[in-house]
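Take a look at the structure set out below.
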Amino acid sequence: MKFNFFGSKSPKIGVAFGGGGARGMSHIGVIKAFEEFGLQFDYFAGTSVGSIIGSAYANGLTSKDMLEIAKDLRVKDIRTNKVIFMPSKTDGLEKLMIDTFGDINIEDLKKPFSAVAVDIKSTKEVCITHGNLAKAVAGSCCVPGIFQPVEFGDRLLCDGGLQNTIPANVPRYFGCDYVIAVDCNSTRTYGTDSSKVLDVLGCAIRVLMKSNAVKGYLCADLVIGTDNKRFKSTSLEGIDEMVEHGYHNAIDLMPQIMQIFEGKAKKKKLKDFDKDEIEFI
């Protein structure tokens, strides 16, 4: 049981890490800020790259640990297929998870965690709380066209960002009083003056991405957003800068974050967003 600074029972607090490819390196900076203030979360959720970071955080890895792993990582370690327009298997990502944690199940992590994916058979959002960690995270990260869908039991999993790129609703389903969301792609939507087909399609995709982030903002009590637009979601260049941006964005919001941990922040009264449309496994 946690207690706040005044000796009373502390609220149950969850953290949700959003998707964004390599831009998710800024999540590490946010965690560094949490560590400096001694903040402890009760529930962890993540979509796509957020599932990698969230599971690492739930298992006790520090921001320093995560940064060391990230700096040793190469895109070719994750996307193993070198043939253009041919999706890779997720073997590289699964190997990274197994090398880091061992071949464990989600329920073996030190704290409760959910990975969010989409089952392309049913088209439903899937909240994974049990089963092989490497497979669950691979499914959550499986961007269509970049990776082949991941078999998970009788499901075929793809990137959770197809339906829920910032899974702030998930910790609420597991009893959290407050949820802090971390958005590593807060400027995901920007327009275009061009009428060229590729420019218009790119803008349309960004608009759709924004709609999948709205639920996260609605369900979170506070969102730590980082503008990573100038970094590529497919490149690991600029890791130190992304980490620094995430850190300073979290520090700037620390007064509001501390209000939540002290139980002083106003709680959101939310209905269960499309809970019937989510498969919990």
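Identifiers in the structure tokens: chain A, B, ... in order shown; residue index from 1 per chain; ligand index from 1 in order shown.
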Polymer residues at most 9 Å from A:Ser122, only C-alpha atoms, same-chain spacing of 4 or more positions, as a tab-separated table (two decimals) with all heavy atoms, in the first residue's frame:
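Now in around_34.tsv:
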```
chain	number	residue	atom	x	y	z
A	118	VAL	N	-4.12	-4.89	-32.24
A	118	VAL	CA	-5.39	-5.07	-32.95
A	118	VAL	C	-5.37	-6.44	-33.62
A	118	VAL	O	-4.38	-6.81	-34.26
A	118	VAL	CB	-5.60	-3.97	-34.01
A	118	VAL	CG1	-6.77	-4.31	-34.92
A	118	VAL	CG2	-5.86	-2.63	-33.34
A	155	ARG	N	-5.29	-15.51	-32.77
A	155	ARG	CA	-5.40	-14.14	-33.28
A	155	ARG	C	-4.22	-13.80	-34.18
A	155	ARG	O	-3.14	-14.37	-34.06
A	155	ARG	CB	-5.46	-13.14	-32.12
A	155	ARG	CG	-6.70	-13.30	-31.25
A	155	ARG	CD	-6.62	-12.42	-30.01
A	155	ARG	NE	-7.84	-12.49	-29.22
A	155	ARG	CZ	-8.11	-13.45	-28.35
A	155	ARG	NH1	-7.23	-14.41	-28.14
A	155	ARG	NH2	-9.26	-13.45	-27.68
A	156	LEU	N	-4.45	-12.84	-35.06
A	156	LEU	CA	-3.38	-12.27	-35.89
A	156	LEU	C	-3.25	-10.80	-35.50
A	156	LEU	O	-4.14	-9.98	-35.79
A	156	LEU	CB	-3.72	-12.39	-37.38
A	156	LEU	CG	-3.35	-13.68	-38.09
A	156	LEU	CD1	-3.78	-13.61	-39.55
A	156	LEU	CD2	-1.85	-13.96	-38.00
```
What lies within 10 Å of stretch 222-228 of chain A using only C-alpha atoms, ignoring chain neighbours under 5 positions off, as a PyMOL selection string?
-> chain A and resi 15-18+20+22-27+30+166+168+178-188+216-217+233+241-243+245-254+256-257+260+265
Given the selection you just returned, output its residues as a file containing C-alpha atoms, formatted as a compact mmCIF listing (two decimals), in the first residue's frame.
```
# COMPACT_ATOMS: atom_id res chain seq x y z
CA VAL A 15 0.87 5.38 -16.94
CA ALA A 16 0.23 4.82 -20.65
CA PHE A 17 2.95 5.12 -23.29
CA GLY A 18 1.88 5.92 -26.84
CA GLY A 20 5.39 6.63 -32.62
CA ALA A 22 11.70 5.62 -33.04
CA ARG A 23 10.22 8.84 -31.68
CA GLY A 24 9.36 6.76 -28.63
CA MET A 25 12.92 7.32 -27.42
CA SER A 26 11.54 10.51 -25.81
CA HIS A 27 9.62 8.22 -23.42
CA VAL A 30 10.00 11.21 -19.32
CA ILE A 166 -2.29 6.28 -26.61
CA ALA A 168 -4.87 5.84 -21.43
CA TYR A 178 -5.62 8.62 -12.29
CA VAL A 179 -3.83 8.02 -15.57
CA ILE A 180 -0.86 9.92 -16.95
CA ALA A 181 -0.37 9.46 -20.70
CA VAL A 182 2.88 9.98 -22.59
CA ASP A 183 2.57 11.06 -26.23
CA CYS A 184 5.85 10.96 -28.17
CA ASN A 185 4.23 12.31 -31.34
CA SER A 186 2.13 15.27 -30.21
CA THR A 187 2.48 17.05 -33.58
CA ARG A 188 1.39 14.00 -35.58
CA GLY A 216 -5.97 8.82 -25.15
CA TYR A 217 -6.29 12.53 -24.49
CA SER A 233 9.80 7.41 -36.85
CA GLU A 241 17.85 15.00 -28.25
CA MET A 242 14.59 13.07 -28.08
CA VAL A 243 15.38 11.87 -24.56
CA HIS A 245 12.96 16.77 -25.00
CA GLY A 246 10.90 14.15 -23.17
CA TYR A 247 12.70 14.89 -19.91
CA HIS A 248 12.10 18.66 -20.05
CA ASN A 249 8.46 18.24 -21.08
CA ALA A 250 7.88 16.05 -18.01
CA ILE A 251 9.77 18.43 -15.71
CA ASP A 252 7.68 21.36 -16.98
CA LEU A 253 4.52 19.49 -15.94
CA MET A 254 5.87 18.17 -12.64
CA GLN A 256 0.58 19.02 -12.05
CA ILE A 257 2.02 15.50 -11.86
CA ILE A 260 -1.99 13.74 -9.03
CA ALA A 265 -6.02 16.66 -8.71
```
Could you give me the residues within stretch 69-261 of chain A that DSSP places in strand (DSSP E), as a CSV table (one decimal) with all heavy atoms, in the first residue's frame?
```csv
chain,number,residue,atom,x,y,z
A,113,PHE,N,1.1,-5.0,-16.3
A,113,PHE,CA,1.3,-4.3,-17.6
A,113,PHE,C,0.3,-4.9,-18.7
A,113,PHE,O,0.0,-6.1,-18.7
A,113,PHE,CB,2.7,-4.6,-18.1
A,113,PHE,CG,3.0,-4.2,-19.5
A,113,PHE,CD1,3.1,-2.9,-19.9
A,113,PHE,CD2,3.1,-5.2,-20.5
A,113,PHE,CE1,3.3,-2.5,-21.2
A,113,PHE,CE2,3.3,-4.9,-21.8
A,113,PHE,CZ,3.4,-3.5,-22.2
A,114,SER,N,-0.1,-4.0,-19.6
A,114,SER,CA,-0.9,-4.4,-20.7
A,114,SER,C,-0.3,-3.9,-22.0
A,114,SER,O,0.1,-2.7,-22.1
A,114,SER,CB,-2.3,-3.9,-20.7
A,114,SER,OG,-3.0,-4.5,-19.6
A,115,ALA,N,-0.2,-4.8,-23.0
A,115,ALA,CA,0.2,-4.4,-24.4
A,115,ALA,C,-1.0,-4.3,-25.2
A,115,ALA,O,-1.9,-5.1,-25.1
A,115,ALA,CB,1.2,-5.4,-25.0
A,116,VAL,N,-1.2,-3.2,-26.0
A,116,VAL,CA,-2.3,-3.0,-26.8
A,116,VAL,C,-2.0,-3.3,-28.3
A,116,VAL,O,-1.1,-2.8,-28.9
A,116,VAL,CB,-2.9,-1.6,-26.7
A,116,VAL,CG1,-4.1,-1.3,-27.6
A,116,VAL,CG2,-3.3,-1.4,-25.2
A,117,ALA,N,-2.9,-4.1,-28.9
A,117,ALA,CA,-2.7,-4.5,-30.3
A,117,ALA,C,-4.1,-4.5,-31.0
A,117,ALA,O,-5.1,-4.2,-30.3
A,117,ALA,CB,-2.0,-5.8,-30.5
A,118,VAL,N,-4.1,-4.9,-32.2
A,118,VAL,CA,-5.4,-5.1,-33.0
A,118,VAL,C,-5.4,-6.4,-33.6
A,118,VAL,O,-4.4,-6.8,-34.3
A,118,VAL,CB,-5.6,-4.0,-34.0
A,118,VAL,CG1,-6.8,-4.3,-34.9
A,118,VAL,CG2,-5.9,-2.6,-33.3
A,119,ASP,N,-6.4,-7.2,-33.4
A,119,ASP,CA,-6.6,-8.5,-34.1
A,119,ASP,C,-7.2,-8.3,-35.5
A,119,ASP,O,-8.4,-7.8,-35.5
A,119,ASP,CB,-7.5,-9.4,-33.2
A,119,ASP,CG,-7.8,-10.8,-33.9
A,119,ASP,OD1,-7.1,-11.1,-34.9
A,119,ASP,OD2,-8.7,-11.5,-33.4
A,125,GLU,N,-9.7,-4.1,-30.9
A,125,GLU,CA,-8.6,-3.8,-30.1
A,125,GLU,C,-8.4,-4.9,-29.1
A,125,GLU,O,-9.4,-5.5,-28.5
A,125,GLU,CB,-8.9,-2.5,-29.3
A,125,GLU,CG,-7.8,-2.0,-28.4
A,125,GLU,CD,-8.2,-0.7,-27.7
A,125,GLU,OE1,-9.0,0.0,-28.2
A,125,GLU,OE2,-7.6,-0.5,-26.6
A,126,VAL,N,-7.1,-5.3,-28.8
A,126,VAL,CA,-6.8,-6.4,-27.9
A,126,VAL,C,-5.9,-5.9,-26.8
A,126,VAL,O,-4.9,-5.3,-27.1
A,126,VAL,CB,-6.1,-7.6,-28.7
A,126,VAL,CG1,-5.8,-8.7,-27.7
A,126,VAL,CG2,-6.9,-8.1,-29.8
A,127,CYS,N,-6.4,-6.1,-25.6
A,127,CYS,CA,-5.6,-5.7,-24.4
A,127,CYS,C,-5.0,-7.0,-23.8
A,127,CYS,O,-5.7,-7.8,-23.3
A,127,CYS,CB,-6.5,-5.0,-23.4
A,127,CYS,SG,-5.7,-4.5,-21.9
A,128,ILE,N,-3.6,-7.1,-24.0
A,128,ILE,CA,-3.0,-8.3,-23.6
A,128,ILE,C,-2.3,-8.2,-22.2
A,128,ILE,O,-1.4,-7.4,-22.0
A,128,ILE,CB,-1.9,-8.7,-24.7
A,128,ILE,CG1,-2.4,-8.6,-26.1
A,128,ILE,CG2,-1.3,-10.1,-24.4
A,128,ILE,CD1,-1.4,-8.7,-27.2
A,150,VAL,N,1.5,-11.0,-36.4
A,150,VAL,CA,2.0,-11.9,-35.4
A,150,VAL,C,0.9,-12.8,-34.9
A,150,VAL,O,-0.2,-12.4,-34.5
A,150,VAL,CB,2.6,-11.1,-34.2
A,150,VAL,CG1,3.0,-12.1,-33.1
A,150,VAL,CG2,3.8,-10.2,-34.6
A,151,GLU,N,1.2,-14.1,-35.0
A,151,GLU,CA,0.2,-15.1,-34.4
A,151,GLU,C,0.3,-15.1,-32.9
A,151,GLU,O,1.4,-15.2,-32.3
A,151,GLU,CB,0.5,-16.5,-35.0
A,151,GLU,CG,0.3,-16.6,-36.5
A,151,GLU,CD,0.4,-18.1,-37.0
A,151,GLU,OE1,0.5,-19.0,-36.1
A,151,GLU,OE2,0.5,-18.3,-38.2
A,152,PHE,N,-0.9,-15.0,-32.3
A,152,PHE,CA,-0.9,-15.0,-30.8
A,152,PHE,C,-2.2,-15.8,-30.5
A,152,PHE,O,-3.3,-15.3,-30.5
A,152,PHE,CB,-1.0,-13.5,-30.3
A,152,PHE,CG,-0.7,-13.4,-28.8
A,152,PHE,CD1,0.6,-13.2,-28.4
A,152,PHE,CD2,-1.7,-13.5,-27.9
A,152,PHE,CE1,0.9,-13.1,-27.0
A,152,PHE,CE2,-1.5,-13.4,-26.5
A,152,PHE,CZ,-0.2,-13.2,-26.1
A,155,ARG,N,-5.3,-15.5,-32.8
A,155,ARG,CA,-5.4,-14.1,-33.3
A,155,ARG,C,-4.2,-13.8,-34.2
A,155,ARG,O,-3.1,-14.4,-34.1
A,155,ARG,CB,-5.5,-13.1,-32.1
A,155,ARG,CG,-6.7,-13.3,-31.2
A,155,ARG,CD,-6.6,-12.4,-30.0
A,155,ARG,NE,-7.8,-12.5,-29.2
A,155,ARG,CZ,-8.1,-13.5,-28.4
A,155,ARG,NH1,-7.2,-14.4,-28.1
A,155,ARG,NH2,-9.3,-13.5,-27.7
A,156,LEU,N,-4.4,-12.8,-35.1
A,156,LEU,CA,-3.4,-12.3,-35.9
A,156,LEU,C,-3.3,-10.8,-35.5
A,156,LEU,O,-4.1,-10.0,-35.8
A,156,LEU,CB,-3.7,-12.4,-37.4
A,156,LEU,CG,-3.4,-13.7,-38.1
A,156,LEU,CD1,-3.8,-13.6,-39.6
A,156,LEU,CD2,-1.9,-14.0,-38.0
A,157,LEU,N,-2.2,-10.5,-34.8
A,157,LEU,CA,-2.0,-9.1,-34.2
A,157,LEU,C,-1.3,-8.2,-35.1
A,157,LEU,O,-0.3,-8.5,-35.8
A,157,LEU,CB,-1.3,-9.2,-32.9
A,157,LEU,CG,-1.9,-10.1,-31.8
A,157,LEU,CD1,-1.1,-10.0,-30.5
A,157,LEU,CD2,-3.4,-9.7,-31.6
A,158,CYS,N,-1.7,-6.9,-35.1
A,158,CYS,CA,-1.1,-5.8,-35.8
A,158,CYS,C,-1.0,-4.6,-34.8
A,158,CYS,O,-1.6,-4.7,-33.7
A,158,CYS,CB,-1.8,-5.4,-37.1
A,158,CYS,SG,-1.3,-6.4,-38.5
A,159,ASP,N,-0.3,-3.6,-35.2
A,159,ASP,CA,0.0,-2.4,-34.4
A,159,ASP,C,-1.3,-1.9,-33.7
A,159,ASP,O,-2.3,-1.6,-34.3
A,159,ASP,CB,0.6,-1.3,-35.3
A,159,ASP,CG,1.2,-0.2,-34.5
A,159,ASP,OD1,0.5,0.4,-33.6
A,159,ASP,OD2,2.4,0.1,-34.7
A,178,TYR,N,-6.2,7.6,-11.4
A,178,TYR,CA,-5.6,8.6,-12.3
A,178,TYR,C,-4.8,7.9,-13.3
A,178,TYR,O,-4.2,6.8,-13.1
A,178,TYR,CB,-4.7,9.6,-11.6
A,178,TYR,CG,-5.4,10.5,-10.5
A,178,TYR,CD1,-5.3,10.2,-9.2
A,178,TYR,CD2,-6.1,11.7,-10.9
A,178,TYR,CE1,-5.9,11.1,-8.2
A,178,TYR,CE2,-6.6,12.5,-10.0
A,178,TYR,CZ,-6.5,12.2,-8.7
A,178,TYR,OH,-7.1,13.0,-7.7
A,179,VAL,N,-4.7,8.5,-14.5
A,179,VAL,CA,-3.8,8.0,-15.6
A,179,VAL,C,-3.0,9.2,-16.2
A,179,VAL,O,-3.6,10.2,-16.6
A,179,VAL,CB,-4.6,7.3,-16.7
A,179,VAL,CG1,-3.7,6.8,-17.8
A,179,VAL,CG2,-5.4,6.2,-16.1
A,180,ILE,N,-1.7,9.0,-16.2
A,180,ILE,CA,-0.9,9.9,-16.9
A,180,ILE,C,-0.5,9.3,-18.3
A,180,ILE,O,0.0,8.1,-18.3
A,180,ILE,CB,0.4,10.2,-16.1
A,180,ILE,CG1,0.0,11.0,-14.8
A,180,ILE,CG2,1.4,11.0,-16.9
A,180,ILE,CD1,1.1,11.2,-13.9
A,181,ALA,N,-0.7,10.0,-19.4
A,181,ALA,CA,-0.4,9.5,-20.7
A,181,ALA,C,0.9,10.2,-21.2
A,181,ALA,O,1.1,11.3,-20.9
A,181,ALA,CB,-1.5,9.7,-21.7
A,182,VAL,N,1.7,9.4,-22.0
A,182,VAL,CA,2.9,10.0,-22.6
A,182,VAL,C,2.8,9.9,-24.1
A,182,VAL,O,2.7,8.8,-24.6
A,182,VAL,CB,4.1,9.3,-22.1
A,182,VAL,CG1,5.4,10.0,-22.5
A,182,VAL,CG2,4.1,9.1,-20.5
A,183,ASP,N,2.7,11.0,-24.8
A,183,ASP,CA,2.6,11.1,-26.2
A,183,ASP,C,3.9,11.5,-26.9
A,183,ASP,O,4.3,12.7,-26.7
A,183,ASP,CB,1.4,12.0,-26.6
A,183,ASP,CG,1.2,12.1,-28.1
A,183,ASP,OD1,1.8,11.3,-28.8
A,183,ASP,OD2,0.3,12.9,-28.5
A,222,LEU,N,-3.7,13.7,-17.4
A,222,LEU,CA,-2.6,14.6,-17.8
A,222,LEU,C,-1.9,13.9,-18.9
A,222,LEU,O,-1.6,12.7,-18.9
A,222,LEU,CB,-1.7,14.9,-16.6
A,222,LEU,CG,-0.6,15.9,-16.9
A,222,LEU,CD1,-0.3,16.7,-15.7
A,222,LEU,CD2,0.7,15.1,-17.3
A,223,VAL,N,-1.5,14.6,-20.0
A,223,VAL,CA,-0.8,14.1,-21.1
A,223,VAL,C,0.6,14.9,-21.2
A,223,VAL,O,0.6,16.1,-21.2
A,223,VAL,CB,-1.5,14.3,-22.4
A,223,VAL,CG1,-0.7,13.8,-23.6
A,223,VAL,CG2,-2.9,13.5,-22.4
A,224,ILE,N,1.6,14.1,-21.2
A,224,ILE,CA,3.0,14.7,-21.4
A,224,ILE,C,3.3,14.5,-22.9
A,224,ILE,O,3.5,13.4,-23.3
A,224,ILE,CB,4.0,14.0,-20.5
A,224,ILE,CG1,3.7,14.1,-19.1
A,224,ILE,CG2,5.4,14.6,-20.8
A,224,ILE,CD1,4.5,13.2,-18.2
A,225,GLY,N,3.2,15.6,-23.6
A,225,GLY,CA,3.4,15.5,-25.1
A,225,GLY,C,4.7,16.0,-25.5
A,225,GLY,O,5.2,17.0,-24.9
```
One decimal place gives the atom CA of A:Gly54-atom CA of A:Lys269 separation as 25.0 Å
What separation in Å, quoted to one decimal, exists between atom CA of A:Val214 and atom CA of A:Ala45?
->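 Between atom CA of A:Val214 and atom CA of A:Ala45 the gap is 16.5 Å.
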Determine the nearest neighbour of A:Gly263 from the options A:Glu237, A:Asp177, A:Glu35, A:Glu244, counting only C-alpha atoms.
-> A:Asp177
DSSP on the backbone, then: every residue of stretch 34-150 of chain A marked alpha helix (DSSP H), written as a ChimeraX atom specification.
-> /A:34-36,49-58,63-72,75-78,91-101,133-140
Within 8 Å of stretch 133-148 of chain A, counting only C-alpha atoms, which residues show up once you throw out same-chain ones fewer than 4 positions away? Write them as a count of residues only, please.
-> 31
